[in-house]
$ cat my_file.txt   # compact mmCIF, C-alpha atoms
# COMPACT_ATOMS: atom_id res chain seq x y z
CA MET A 8 73.58 82.57 114.11
CA ARG A 9 71.01 80.36 112.35
CA HIS A 10 72.07 76.75 111.87
CA PRO A 11 71.09 74.77 108.77
CA GLY A 12 67.68 73.15 109.16
CA THR A 13 66.47 75.80 111.61
CA PRO A 14 63.46 77.78 110.34
CA TYR A 15 63.84 81.51 109.88
CA PRO A 16 62.33 83.56 112.72
CA ALA A 17 58.86 84.96 112.09
CA GLY A 18 58.97 88.14 110.05
CA MET A 19 62.50 87.53 108.81
CA ILE A 20 63.37 87.46 105.11
CA PRO A 21 66.68 85.68 104.47
CA SER A 22 69.46 87.68 102.87
CA PRO A 23 70.14 86.59 99.27
CA ARG A 24 73.80 86.30 100.26
CA ALA A 25 72.92 83.50 102.70
CA GLY A 26 71.83 81.30 99.79
CA VAL A 27 74.91 81.89 97.63
CA PRO A 28 78.03 79.79 98.24
CA ARG A 29 81.43 81.49 98.22
CA LEU A 30 82.30 79.65 95.00
CA VAL A 31 79.31 81.24 93.24
CA ARG A 32 80.20 84.70 94.58
CA MET A 33 83.77 84.42 93.38
CA GLY A 34 82.69 82.87 90.08
CA SER A 35 80.18 85.67 89.43
CA LEU A 36 82.86 88.30 89.97
CA ALA A 37 85.21 86.39 87.67
CA VAL A 38 82.57 86.15 84.93
CA ALA A 39 81.88 89.89 85.15
CA ALA A 40 85.62 90.57 84.96
CA VAL A 41 85.98 88.39 81.84
CA TYR A 42 83.17 90.23 80.05
CA LEU A 43 84.59 93.59 81.13
CA GLY A 44 87.97 92.60 79.73
CA ALA A 45 86.35 91.45 76.47
CA CYS A 46 84.48 94.76 76.18
CA TRP A 47 87.64 96.72 76.81
CA GLY A 48 89.55 94.73 74.22
CA PHE A 49 86.80 95.12 71.62
CA PHE A 50 85.76 98.75 72.18
CA GLY A 51 89.06 100.13 73.48
CA GLY A 52 87.65 102.64 75.97
CA HIS A 53 85.10 105.39 76.38
CA ALA A 54 85.03 106.75 72.82
CA ARG A 55 83.55 103.57 71.29
CA TRP A 56 81.85 102.13 74.38
CA PRO A 57 78.20 101.16 73.81
CA GLY A 58 75.61 103.36 75.43
CA SER A 59 73.27 106.30 74.94
CA ASP A 60 74.86 109.72 74.53
CA SER A 61 71.89 111.51 76.05
CA TYR A 62 72.50 109.83 79.42
CA GLU A 63 76.04 111.20 79.53
CA GLN A 64 74.88 114.67 78.46
CA LEU A 65 72.22 114.74 81.16
CA ALA A 66 74.70 113.53 83.78
CA ARG A 67 77.34 116.10 82.82
CA HIS A 68 74.90 118.97 83.12
CA LEU A 69 73.65 117.65 86.45
CA ALA A 70 77.21 117.30 87.73
CA ASP A 71 78.01 120.84 86.56
CA GLY A 72 74.96 122.28 88.31
CA GLN A 73 73.09 123.10 85.08
CA GLY A 74 70.03 121.04 85.94
CA TYR A 75 68.33 118.13 84.23
CA SER A 76 68.91 119.17 80.65
CA VAL A 77 70.35 117.73 77.45
CA ASP A 78 71.57 121.11 76.14
CA GLY A 79 72.44 122.67 79.49
CA VAL A 80 69.67 125.26 79.15
CA ASN A 81 66.21 123.75 78.73
CA PRO A 82 64.76 121.25 81.22
CA THR A 83 63.79 117.88 79.77
CA ALA A 84 61.76 114.82 80.67
CA LEU A 85 62.76 112.72 77.66
CA ARG A 86 64.67 110.31 79.88
CA PRO A 87 63.71 108.96 83.33
CA PRO A 88 66.13 110.52 85.83
CA LEU A 89 67.65 107.80 87.97
CA TYR A 90 70.45 106.55 85.71
CA PRO A 91 71.64 110.08 84.83
CA LEU A 92 71.64 110.84 88.57
CA ILE A 93 73.80 107.76 89.23
CA LEU A 94 76.21 108.84 86.47
CA ALA A 95 76.27 112.41 87.77
CA ALA A 96 77.06 111.24 91.30
CA THR A 97 79.91 109.11 89.92
CA MET A 98 81.23 112.10 87.94
CA ARG A 99 81.18 114.30 91.01
CA ALA A 100 82.88 111.67 93.15
CA THR A 101 85.61 110.62 90.69
CA ALA A 102 86.00 113.62 88.33
CA GLY A 103 87.99 112.48 85.29
CA GLY A 104 87.87 108.83 86.32
CA TRP A 105 84.08 108.58 86.09
CA PHE A 106 84.02 106.25 83.09
CA LEU A 107 86.29 103.61 84.63
CA ALA A 108 84.43 103.90 87.94
CA THR A 109 81.09 103.47 86.16
CA VAL A 110 82.00 100.34 84.21
CA LEU A 111 83.63 98.78 87.28
CA LEU A 112 80.53 99.52 89.33
CA GLN A 113 78.28 98.05 86.66
CA ALA A 114 80.49 94.96 86.43
CA LEU A 115 79.87 94.54 90.16
CA VAL A 116 76.12 94.99 89.58
CA ALA A 117 76.28 92.30 86.86
CA ALA A 118 77.96 89.92 89.31
CA LEU A 119 75.32 90.72 91.95
CA CYS A 120 72.60 89.89 89.43
CA LEU A 121 74.16 86.47 88.79
CA MET A 122 74.24 85.86 92.54
CA LEU A 123 70.62 86.95 92.94
CA VAL A 124 69.51 84.61 90.16
CA PHE A 125 71.34 81.76 91.92
CA ALA A 126 69.69 82.63 95.25
CA LEU A 127 66.22 82.93 93.70
CA ALA A 128 66.58 79.63 91.85
CA ARG A 129 67.75 77.99 95.06
CA ALA A 130 64.71 79.33 96.92
CA CYS A 131 62.35 78.17 94.14
CA TRP A 132 63.98 74.81 93.42
CA PRO A 133 65.72 73.71 96.66
CA GLY A 134 67.86 70.61 96.70
CA SER A 135 68.40 70.57 92.94
CA ARG A 136 70.92 71.65 90.32
CA ALA A 137 68.61 74.44 89.21
CA PRO A 138 70.55 77.33 90.85
CA TRP A 139 73.78 76.30 89.12
CA LEU A 140 72.07 75.88 85.76
CA ALA A 141 70.17 79.17 86.07
CA ALA A 142 73.24 81.23 86.96
CA GLY A 143 75.33 79.31 84.42
CA LEU A 144 72.88 80.01 81.58
CA LEU A 145 72.86 83.71 82.41
CA ALA A 146 76.66 83.81 82.67
CA LEU A 147 76.86 82.37 79.13
CA HIS A 148 74.28 84.86 77.84
CA GLY A 149 76.72 87.22 76.12
CA PRO A 150 74.20 89.87 74.99
CA PHE A 151 72.92 90.15 78.58
CA MET A 152 76.36 90.43 80.15
CA PHE A 153 77.64 92.93 77.57
CA GLU A 154 74.52 95.08 77.94
CA MET A 155 75.04 95.16 81.71
CA LEU A 156 78.31 96.99 81.04
CA SER A 157 76.91 99.53 78.56
CA LEU A 158 76.36 103.16 79.52
CA ARG A 159 72.64 102.58 79.87
CA GLU A 160 70.22 101.87 82.69
CA THR A 161 69.91 98.10 82.07
CA ALA A 162 72.23 96.91 84.85
CA TRP A 163 70.45 98.90 87.55
CA PHE A 164 66.99 98.05 86.20
CA THR A 165 67.85 94.33 86.27
CA LEU A 166 69.21 94.53 89.82
CA ALA A 167 66.06 96.31 91.06
CA LEU A 168 63.82 93.84 89.19
CA LEU A 169 65.55 90.86 90.81
CA GLY A 170 65.30 92.61 94.19
CA VAL A 171 61.53 92.91 93.74
CA ALA A 172 61.37 89.22 92.79
CA TRP A 173 63.31 88.27 95.94
CA LEU A 174 60.97 90.22 98.22
CA LEU A 175 57.88 88.85 96.48
CA ARG A 176 59.19 85.29 96.72
CA HIS A 177 59.49 85.65 100.49
CA ARG A 178 56.60 88.13 100.98
CA PRO A 179 57.26 91.48 102.68
CA ARG A 180 56.71 90.67 106.35
CA THR A 181 57.84 93.82 108.15
CA ALA A 182 57.60 97.57 107.59
CA ALA A 183 61.26 97.61 106.53
CA HIS A 184 60.63 94.96 103.87
CA ALA A 185 57.60 96.90 102.58
CA VAL A 186 59.63 100.12 102.42
CA ALA A 187 62.37 98.30 100.50
CA LEU A 188 59.81 96.96 98.02
CA GLY A 189 58.31 100.44 97.54
CA VAL A 190 61.73 101.97 96.94
CA LEU A 191 62.67 99.26 94.42
CA LEU A 192 59.39 99.69 92.51
CA ALA A 193 59.90 103.47 92.42
CA SER A 194 63.47 102.94 91.22
CA LEU A 195 62.24 100.78 88.34
CA TYR A 196 59.79 103.56 87.39
CA LEU A 197 62.60 106.14 87.48
CA LEU A 198 64.92 103.97 85.38
CA ARG A 199 62.66 102.92 82.48
CA PRO A 200 59.10 103.67 81.39
CA THR A 201 58.31 99.95 81.56
CA GLY A 202 59.10 100.12 85.28
CA LEU A 203 55.54 101.43 85.55
CA VAL A 204 54.32 98.01 84.36
CA VAL A 205 56.31 96.13 87.02
CA GLY A 206 54.93 98.47 89.66
CA GLY A 207 51.37 98.02 88.46
CA VAL A 208 51.58 94.22 88.36
CA THR A 209 53.25 94.05 91.78
CA LEU A 210 50.71 96.36 93.40
CA ALA A 211 47.92 94.25 91.88
CA PHE A 212 49.45 91.17 93.54
CA LEU A 213 49.62 92.97 96.87
CA GLY A 214 46.06 94.19 96.40
CA TRP A 215 44.89 90.63 95.77
CA SER A 216 46.43 89.64 99.10
CA VAL A 217 44.27 92.34 100.70
CA VAL A 218 41.17 90.97 98.96
CA GLN A 219 42.04 87.52 100.31
CA ARG A 220 42.29 89.08 103.79
CA GLN A 221 45.79 87.83 104.40
CA SER A 222 47.24 88.97 107.69
CA GLY A 223 49.02 92.35 107.42
CA ALA A 224 48.40 92.64 103.66
CA GLY A 225 46.63 96.00 103.88
CA ARG A 226 49.39 97.49 106.02
CA THR A 227 52.05 96.17 103.63
CA LEU A 228 50.29 97.65 100.59
CA ALA A 229 49.91 101.04 102.29
CA ILE A 230 53.60 101.16 103.24
CA VAL A 231 54.74 100.09 99.76
CA LEU A 232 52.60 102.83 98.18
CA ALA A 233 53.79 105.48 100.64
CA ALA A 234 57.48 104.61 100.12
CA GLY A 235 57.08 104.53 96.34
CA VAL A 236 55.26 107.86 96.21
CA ALA A 237 57.89 109.48 98.42
CA VAL A 238 60.68 108.42 96.03
CA VAL A 239 58.79 109.39 92.86
CA ALA A 240 57.46 112.72 94.19
CA PRO A 241 60.56 114.86 93.43
CA TRP A 242 60.49 113.82 89.75
CA GLN A 243 56.78 114.54 89.50
CA ALA A 244 57.37 117.93 91.12
CA PHE A 245 60.09 118.64 88.52
CA THR A 246 57.80 117.77 85.60
CA TRP A 247 54.94 119.80 87.11
CA ARG A 248 57.15 122.84 87.61
CA ASN A 249 58.67 122.72 84.13
CA PHE A 250 55.88 121.25 81.97
CA GLY A 251 52.70 122.34 83.74
CA ALA A 252 51.59 118.97 85.11
CA PRO A 253 52.96 115.75 86.56
CA GLY A 254 53.17 112.82 84.17
CA PHE A 255 51.70 109.37 84.56
CA PHE A 256 54.63 108.03 82.55
CA PRO A 257 58.17 108.83 83.74
CA ALA A 258 59.29 110.15 80.33
CA SER A 259 57.73 112.45 77.73
CA SER A 260 58.35 110.24 74.69
CA ASN A 261 55.57 107.65 74.83
CA GLY A 262 53.47 109.15 72.03
CA TYR A 263 56.60 109.42 69.91
CA ASN A 264 57.44 105.75 70.47
CA LEU A 265 53.87 104.76 69.60
CA PHE A 266 54.13 106.69 66.34
CA LYS A 267 57.50 105.16 65.52
CA GLY A 268 55.97 101.71 65.93
CA ALA A 269 52.99 102.65 63.74
CA ASP A 270 55.15 104.20 61.00
CA PRO A 271 55.05 101.91 57.92
CA GLU A 272 58.78 102.47 57.38
CA ILE A 273 59.62 100.72 60.66
CA THR A 274 59.38 97.36 58.88
CA ARG A 275 62.09 98.47 56.43
CA VAL A 276 64.43 99.31 59.30
CA LEU A 277 63.74 96.54 61.83
CA PRO A 278 64.99 93.92 62.41
CA TRP A 279 68.04 95.00 60.39
CA ILE A 280 69.23 98.22 62.02
CA ASP A 281 68.33 100.31 65.06
CA ALA A 282 64.86 101.89 64.95
CA ASP A 283 66.40 105.07 66.36
CA THR A 284 67.93 105.73 62.93
CA LEU A 285 64.44 106.96 61.99
CA ASP A 286 64.60 109.80 64.52
CA ALA A 287 66.10 112.36 62.13
CA ARG A 288 63.39 111.59 59.58
CA LEU A 289 60.52 111.76 62.09
CA ALA A 290 61.54 114.89 64.02
CA PRO A 291 60.25 117.41 61.41
CA LEU A 292 56.75 115.91 61.72
CA ALA A 293 56.32 117.84 64.96
CA GLY A 294 55.75 120.89 62.76
CA ASN A 295 56.03 124.32 64.36
CA ILE A 296 55.77 123.13 67.95
CA PRO A 297 58.74 124.55 69.91
CA ALA A 298 61.36 121.89 70.62
CA THR A 299 61.23 122.81 74.31
CA ASP A 300 57.51 121.91 74.58
CA GLU A 301 58.07 118.17 74.95
CA ARG A 302 54.56 117.40 76.15
CA ALA A 303 52.96 119.12 73.12
CA ILE A 304 55.30 117.30 70.75
CA ASP A 305 54.46 114.00 72.37
CA ARG A 306 50.73 114.69 72.09
CA GLU A 307 51.14 115.50 68.40
CA PHE A 308 52.93 112.22 67.73
CA ARG A 309 50.30 110.33 69.72
CA ARG A 310 47.58 111.95 67.59
CA ARG A 311 49.42 110.97 64.41
CA ALA A 312 49.95 107.42 65.67
CA ILE A 313 46.26 106.93 66.43
CA GLY A 314 45.44 108.29 62.98
CA LEU A 315 47.77 105.78 61.31
CA ILE A 316 46.33 102.89 63.32
CA ARG A 317 42.74 103.84 62.44
CA GLU A 318 43.63 104.34 58.79
CA LYS A 319 45.25 100.92 58.30
CA PRO A 320 44.33 98.59 61.18
CA ALA A 321 45.24 95.42 59.25
CA ALA A 322 48.77 96.72 58.58
CA MET A 323 49.11 97.60 62.26
CA ILE A 324 48.11 94.08 63.29
CA GLY A 325 50.83 92.73 61.01
CA ARG A 326 53.39 95.04 62.59
CA LEU A 327 52.21 93.99 66.07
CA ALA A 328 52.89 90.35 65.21
CA LEU A 329 56.28 91.20 63.70
CA SER A 330 57.33 93.28 66.69
CA ALA A 331 56.19 90.56 69.11
CA GLY A 332 58.28 88.05 67.17
CA GLU A 333 61.31 90.33 67.36
CA PHE A 334 60.83 90.70 71.13
CA LEU A 335 60.87 86.90 71.52
CA SER A 336 63.72 86.31 69.09
CA PRO A 337 66.95 84.68 70.31
CA LEU A 338 68.73 86.63 67.57
CA PRO A 339 69.84 90.15 68.47
CA ILE A 340 67.49 92.95 67.43
CA PRO A 341 68.70 94.94 65.59
CA LEU A 342 70.67 92.34 63.67
CA GLY A 343 73.44 94.76 62.80
CA THR A 344 74.34 98.29 61.79
CA GLY A 345 73.98 100.33 58.64
CA ALA A 346 72.66 103.58 57.22
CA PHE A 347 69.34 104.18 55.51
CA ARG A 348 68.54 106.53 52.67
CA ALA A 349 65.36 107.50 50.88
CA ALA A 350 64.92 105.78 47.52
CA GLY A 351 61.86 105.38 45.31
CA GLY A 352 59.52 106.69 47.97
CA GLY A 353 60.86 104.27 50.58
CA ILE A 354 63.99 103.43 52.54
CA VAL A 355 67.07 101.48 51.48
CA ILE A 356 69.72 100.28 53.94
CA ASP A 357 73.32 100.78 52.85
CA ASP A 358 76.50 99.26 54.23
CA PHE A 359 74.71 96.70 56.40
CA ARG A 360 77.01 94.78 58.76
CA LEU A 361 75.71 91.80 60.73
CA ASP A 362 76.54 91.81 64.45
CA TRP A 363 78.29 88.44 64.39
CA PRO A 364 79.53 88.48 68.03
CA GLU A 365 75.96 88.74 69.36
CA VAL A 366 74.52 86.39 66.73
CA ALA A 367 77.00 83.76 67.94
CA PHE A 368 75.24 83.68 71.32
CA ALA A 369 71.83 82.90 69.77
CA PRO A 370 71.93 79.17 70.69
CA VAL A 371 72.46 80.01 74.38
CA VAL A 372 69.68 82.61 74.32
CA ALA A 373 67.36 80.14 72.56
CA ALA A 374 68.14 77.49 75.18
CA LEU A 375 67.28 79.94 77.96
CA LEU A 376 64.01 81.07 76.37
CA VAL A 377 62.82 77.56 75.48
CA SER A 378 63.80 76.15 78.89
CA ALA A 379 62.02 79.04 80.61
CA CYS A 380 58.81 78.12 78.76
CA GLY A 381 59.16 74.62 80.14
CA GLY A 382 59.87 75.80 83.69
CA LEU A 383 57.33 78.61 84.06
CA ARG A 384 54.31 76.33 84.31
CA PRO A 385 55.74 74.13 87.11
CA LEU A 386 56.91 77.28 88.94
CA TRP A 387 53.49 78.91 88.50
CA ARG A 388 51.47 75.85 89.50
CA ARG A 389 53.64 74.42 92.26
CA GLN A 390 52.77 74.55 95.92
CA GLY A 391 54.90 76.42 98.40
CA ASP A 392 55.32 79.56 96.26
CA PRO A 393 54.05 82.10 98.79
CA GLY A 394 54.54 85.21 96.67
CA GLY A 395 53.12 83.78 93.44
CA LEU A 396 56.47 84.46 91.77
CA GLY A 397 55.78 82.25 88.74
CA LEU A 398 52.48 83.95 87.91
CA TRP A 399 54.05 87.37 88.54
CA MET A 400 56.81 86.55 86.03
CA VAL A 401 54.27 85.45 83.41
CA ILE A 402 52.20 88.64 83.76
CA VAL A 403 55.23 90.95 83.78
CA PHE A 404 56.65 89.25 80.67
CA ALA A 405 53.29 89.37 78.86
CA SER A 406 52.95 93.07 79.72
CA PHE A 407 56.39 93.89 78.35
CA LEU A 408 55.60 91.88 75.23
CA ALA A 409 52.35 93.80 74.67
CA ILE A 410 54.01 97.21 75.14
CA HIS A 411 56.85 96.52 72.74
CA ALA A 412 54.51 94.94 70.21
CA LEU A 413 52.55 98.21 70.24
CA THR A 414 55.69 100.32 69.80
CA PHE A 415 58.94 98.72 68.64
CA THR A 416 61.57 96.54 70.18
CA LYS A 417 65.25 95.94 70.67
CA THR A 418 66.71 92.88 72.34
CA ARG A 419 68.05 95.00 75.18
CA TYR A 420 64.49 95.89 76.19
CA ARG A 421 63.93 92.19 77.02
CA LEU A 422 67.27 91.44 78.67
CA PRO A 423 66.28 92.23 82.29
CA LEU A 424 63.47 89.70 81.86
CA ASP A 425 66.01 87.11 80.68
CA ALA A 426 67.53 87.29 84.17
CA LEU A 427 64.13 86.37 85.61
CA LEU A 428 63.54 83.68 82.99
CA ALA A 429 66.83 81.99 83.91
CA ILE A 430 65.14 80.89 87.16
CA PRO A 431 62.40 78.69 85.61
CA ALA A 432 64.87 77.70 82.87
CA GLY A 433 67.24 76.30 85.48
CA GLY A 434 64.42 74.40 87.14
CA TRP A 435 63.27 72.84 83.88
CA LEU A 436 66.79 71.83 82.86
CA ALA A 437 67.28 70.28 86.30
CA GLY A 438 64.13 68.20 85.79
CA VAL A 439 62.34 69.75 88.77
CA LYS A 440 58.57 69.36 88.84
CA ARG A 441 56.02 70.64 91.33
CA ARG A 442 58.17 70.02 94.39
CA VAL A 443 57.22 71.55 97.74
CA PRO A 444 60.20 73.33 99.33
CA PRO A 445 61.01 72.76 102.98
CA THR A 446 60.37 75.64 105.38
CA ASP A 447 64.08 76.41 105.64
CA ALA A 448 64.37 77.08 101.89
CA ARG A 449 62.19 80.13 102.29
$ encode --input "my_file.txt" --output "structure tokens"
Amino acid sequence: MRHPGTPYPAGMIPSPRAGVPRLVRMGSLAVAAVYLGACWGFFGGHARWPGSDSYEQLARHLADGQGYSVDGVNPTALRPPLYPLILAATMRATAGGWFLATVLLQALVAALCLMLVFALARACWPGSRAPWLAAGLLALHGPFMFEMLSLRETAWFTLALLGVAWLLRHRPRTAAHAVALGVLLASLYLLRPTGLVVGGVTLAFLGWSVVQRQSGAGRTLAIVLAAGVAVVAPWQAFTWRNFGAPGFFPASSNGYNLFKGADPEITRVLPWIDADTLDARLAPLAGNIPATDERAIDREFRRRAIGLIREKPAAMIGRLALSAGEFLSPLPIPLGTGAFRAAGGGIVIDDFRLDWPEVAFAPVVAALLVSACGGLRPLWRRQGDPGGLGLWMVIVFASFLAIHALTFTKTRYRLPLDALLAIPAGGWLAGVKRRVPPTDAR
């Protein structure tokens, strides 16, 4: 047993649990339970629970042995596979109780994320109030906590992202740590298309360590790559077998999303209602391409998107700025719900209803985002940050911002990053500057 003040043995990365007091563990579980109860009271069960129907359809067909398919017949790559696989495993294990099991499991994941944020803030800002402020800010971040309970991939993506941050903060020092990092990066890729960005940035950091000739850096990079490829390979084999070639992106909807962001009508829909309400209007633009040929459809939308951008570059620059502003907004995007209809050659939104519960949390979200801006520079510039965690956060955030500026955004696309941003936010609120942590804090 390691006593306080004793350095960690060489090659050992401390468990996040070791840096989280029992009070924080119990408090995190209690916070998750409160939000779960609020969700249950507001939505009343599965029928109205927030989420994406396609995930449930994919999971049901997987659980029934019909393969990875939305309609139960034709294979698809429209969604990355990991979250549907998690849902399918839950369905197989619990049968009719899968929904309750899923939301309880995701409530536990939400609590684990709060604990990880506390542990990371404690490692970055030892001997300060920063861990309490970081976890407290995130616990008060209603849109984040509610999204963690939705039937979407966000909870698992956030957990994997924080796991990557923990390993980077302490540097992978053994083969087991490198394997864990590779698996987490592959999991991010298989959960969301933007997981590819996290993987690319992280591998670049590991590659820079090789360039600097740090001890064991080349071996670590090789193991991370091998573990990641091994996890991703089955999905690439599936896409090769069914669509003729593996895909660089984990989903076959990137050209479509680029076109949706370039469509002039997007500014009439966002930030008011969900951009996905345009799907029914855009689908016929694929022409006579068979609906089962997802790659061909995506190429057609990519071609159309590039044409729109070349035709009106100034308008596209304006939409880039607007989408970037929406990504950074403390207000929820979309702001509410409604229905659109064609009118006078454009779109009119009917029956718009503002999402007051999420708007009410805007001051907390604004406090987190502003405080994070104040804390990122000290975290980035401070000594004793062996994994370059502050710089890694900045680059990952900037990459997400660029991607969603090019396409379109929703607040939930940023929420996993809010968990990371709570760490510098806590440090800034605690008044921590460029303090050097003691060896034991690592």
$ residues_around --input "my_file.txt" --residues "region 61-65 of chain A" --least-positions-apart "5" --cutoff "8 Å" --atoms "all atoms listed in the file" --output "PDB file with C-alpha atoms, keeping the file's coordinate frame"
ATOM      1  CA  TYR A  75      68.330 118.130  84.230  1.00  0.00           C
ATOM      2  CA  SER A  76      68.910 119.170  80.650  1.00  0.00           C
ATOM      3  CA  VAL A  77      70.350 117.730  77.450  1.00  0.00           C
ATOM      4  CA  ASP A  78      71.570 121.110  76.140  1.00  0.00           C
ATOM      5  CA  ARG A  86      64.670 110.310  79.880  1.00  0.00           C
ATOM      6  CA  TYR A  90      70.450 106.550  85.710  1.00  0.00           C
ATOM      7  CA  PRO A  91      71.640 110.080  84.830  1.00  0.00           C
ATOM      8  CA  LEU A  94      76.210 108.840  86.470  1.00  0.00           C
ATOM      9  CA  LEU A 158      76.360 103.160  79.520  1.00  0.00           C
ATOM     10  CA  ARG A 159      72.640 102.580  79.870  1.00  0.00           C
TER      11      ARG A 159
END
$ atom_distance --input "my_file.txt" --atom1 "CA of Pro241 (chain A)" --atom2 "CA of Gly254 (chain A)"
12.0 Å
$ residues_around --input "my_file.txt" --residues "Ile230 (chain A)" --least-positions-apart "3" --cutoff "6 Å" --atoms "only C-alpha atoms" --output "PyMOL selection string"
chain A and resi 185+227+233
$ residues_near_point --input "my_file.txt" --point "(66.6, 92.6, 92.2)" --cutoff "10 Å" --atoms "all atoms listed in the file" --output "list in words"
Pro23, Leu119, Cys120, Leu123, Val124, Leu127, Trp163, Phe164, Thr165, Leu166, Ala167, Leu168, Leu169, Gly170, Val171, Ala172, Trp173, Leu174, Leu188, Leu191, Pro423, Ala426 and Leu427 of chain A
$ atom_distance --input "my_file.txt" --atom1 "CA of Arg302 (chain A)" --atom2 "CA of Ser260 (chain A)"
8.2 Å
$ atom_distance --input "my_file.txt" --atom1 "CA of Leu383 (chain A)" --atom2 "CA of Leu147 (chain A)"
20.5 Å
$ residues_around --input "my_file.txt" --residues "region 317-323 of chain A" --least-positions-apart "5" --cutoff "10 Å" --atoms "only C-alpha atoms" --output "list of chain:residue names"
A:Gly268, A:Ala269, A:Asp270, A:Pro271, A:Arg311, A:Ala312, A:Ala328, A:Leu329, A:Ala412, A:Leu413
$ decode --input "my_file.txt" --residues "region 210-256 of chain A" --atoms "C-alpha atoms" --output "PDB file, in the first residue's frame"
ATOM      1  CA  LEU A 210      -1.075  10.243 -32.194  1.00  0.00           C
ATOM      2  CA  ALA A 211       0.574  13.502 -33.266  1.00  0.00           C
ATOM      3  CA  PHE A 212       1.478  14.160 -29.617  1.00  0.00           C
ATOM      4  CA  LEU A 213       2.925  10.673 -29.275  1.00  0.00           C
ATOM      5  CA  GLY A 214       4.793  11.125 -32.547  1.00  0.00           C
ATOM      6  CA  TRP A 215       6.296  14.378 -31.276  1.00  0.00           C
ATOM      7  CA  SER A 216       7.617  12.467 -28.270  1.00  0.00           C
ATOM      8  CA  VAL A 217       9.357  10.135 -30.727  1.00  0.00           C
ATOM      9  CA  VAL A 218      10.868  13.111 -32.572  1.00  0.00           C
ATOM     10  CA  GLN A 219      12.150  14.412 -29.239  1.00  0.00           C
ATOM     11  CA  ARG A 220      13.709  10.974 -28.629  1.00  0.00           C
ATOM     12  CA  GLN A 221      11.988  10.471 -25.319  1.00  0.00           C
ATOM     13  CA  SER A 222      12.695   7.111 -23.752  1.00  0.00           C
ATOM     14  CA  GLY A 223      10.247   4.411 -24.886  1.00  0.00           C
ATOM     15  CA  ALA A 224       8.210   6.829 -27.027  1.00  0.00           C
ATOM     16  CA  GLY A 225       8.593   4.815 -30.240  1.00  0.00           C
ATOM     17  CA  ARG A 226       7.528   1.593 -28.531  1.00  0.00           C
ATOM     18  CA  THR A 227       4.526   3.328 -26.954  1.00  0.00           C
ATOM     19  CA  LEU A 228       3.394   4.768 -30.302  1.00  0.00           C
ATOM     20  CA  ALA A 229       3.721   1.380 -32.020  1.00  0.00           C
ATOM     21  CA  ILE A 230       1.664  -0.374 -29.326  1.00  0.00           C
ATOM     22  CA  VAL A 231      -1.037   2.332 -29.350  1.00  0.00           C
ATOM     23  CA  LEU A 232      -1.340   2.033 -33.141  1.00  0.00           C
ATOM     24  CA  ALA A 233      -1.434  -1.768 -33.057  1.00  0.00           C
ATOM     25  CA  ALA A 234      -4.113  -1.859 -30.336  1.00  0.00           C
ATOM     26  CA  GLY A 235      -6.214   0.774 -32.114  1.00  0.00           C
ATOM     27  CA  VAL A 236      -6.005  -0.976 -35.481  1.00  0.00           C
ATOM     28  CA  ALA A 237      -6.958  -4.297 -33.906  1.00  0.00           C
ATOM     29  CA  VAL A 238     -10.141  -2.782 -32.413  1.00  0.00           C
ATOM     30  CA  VAL A 239     -11.105  -0.864 -35.570  1.00  0.00           C
ATOM     31  CA  ALA A 240     -10.322  -3.697 -38.016  1.00  0.00           C
ATOM     32  CA  PRO A 241     -13.663  -5.586 -37.714  1.00  0.00           C
ATOM     33  CA  TRP A 242     -15.629  -2.431 -38.615  1.00  0.00           C
ATOM     34  CA  GLN A 243     -13.371  -1.730 -41.571  1.00  0.00           C
ATOM     35  CA  ALA A 244     -13.790  -5.345 -42.700  1.00  0.00           C
ATOM     36  CA  PHE A 245     -17.584  -4.912 -42.482  1.00  0.00           C
ATOM     37  CA  THR A 246     -17.547  -1.757 -44.608  1.00  0.00           C
ATOM     38  CA  TRP A 247     -15.173  -3.366 -47.126  1.00  0.00           C
ATOM     39  CA  ARG A 248     -17.347  -6.446 -47.449  1.00  0.00           C
ATOM     40  CA  ASN A 249     -20.598  -4.524 -47.838  1.00  0.00           C
ATOM     41  CA  PHE A 250     -19.545  -1.300 -49.586  1.00  0.00           C
ATOM     42  CA  GLY A 251     -16.494  -2.318 -51.600  1.00  0.00           C
ATOM     43  CA  ALA A 252     -13.810  -0.529 -49.589  1.00  0.00           C
ATOM     44  CA  PRO A 253     -12.893   0.411 -46.032  1.00  0.00           C
ATOM     45  CA  GLY A 254     -13.676   3.967 -45.008  1.00  0.00           C
ATOM     46  CA  PHE A 255     -11.330   6.565 -43.577  1.00  0.00           C
ATOM     47  CA  PHE A 256     -14.287   7.991 -41.662  1.00  0.00           C
TER      48      PHE A 256
END
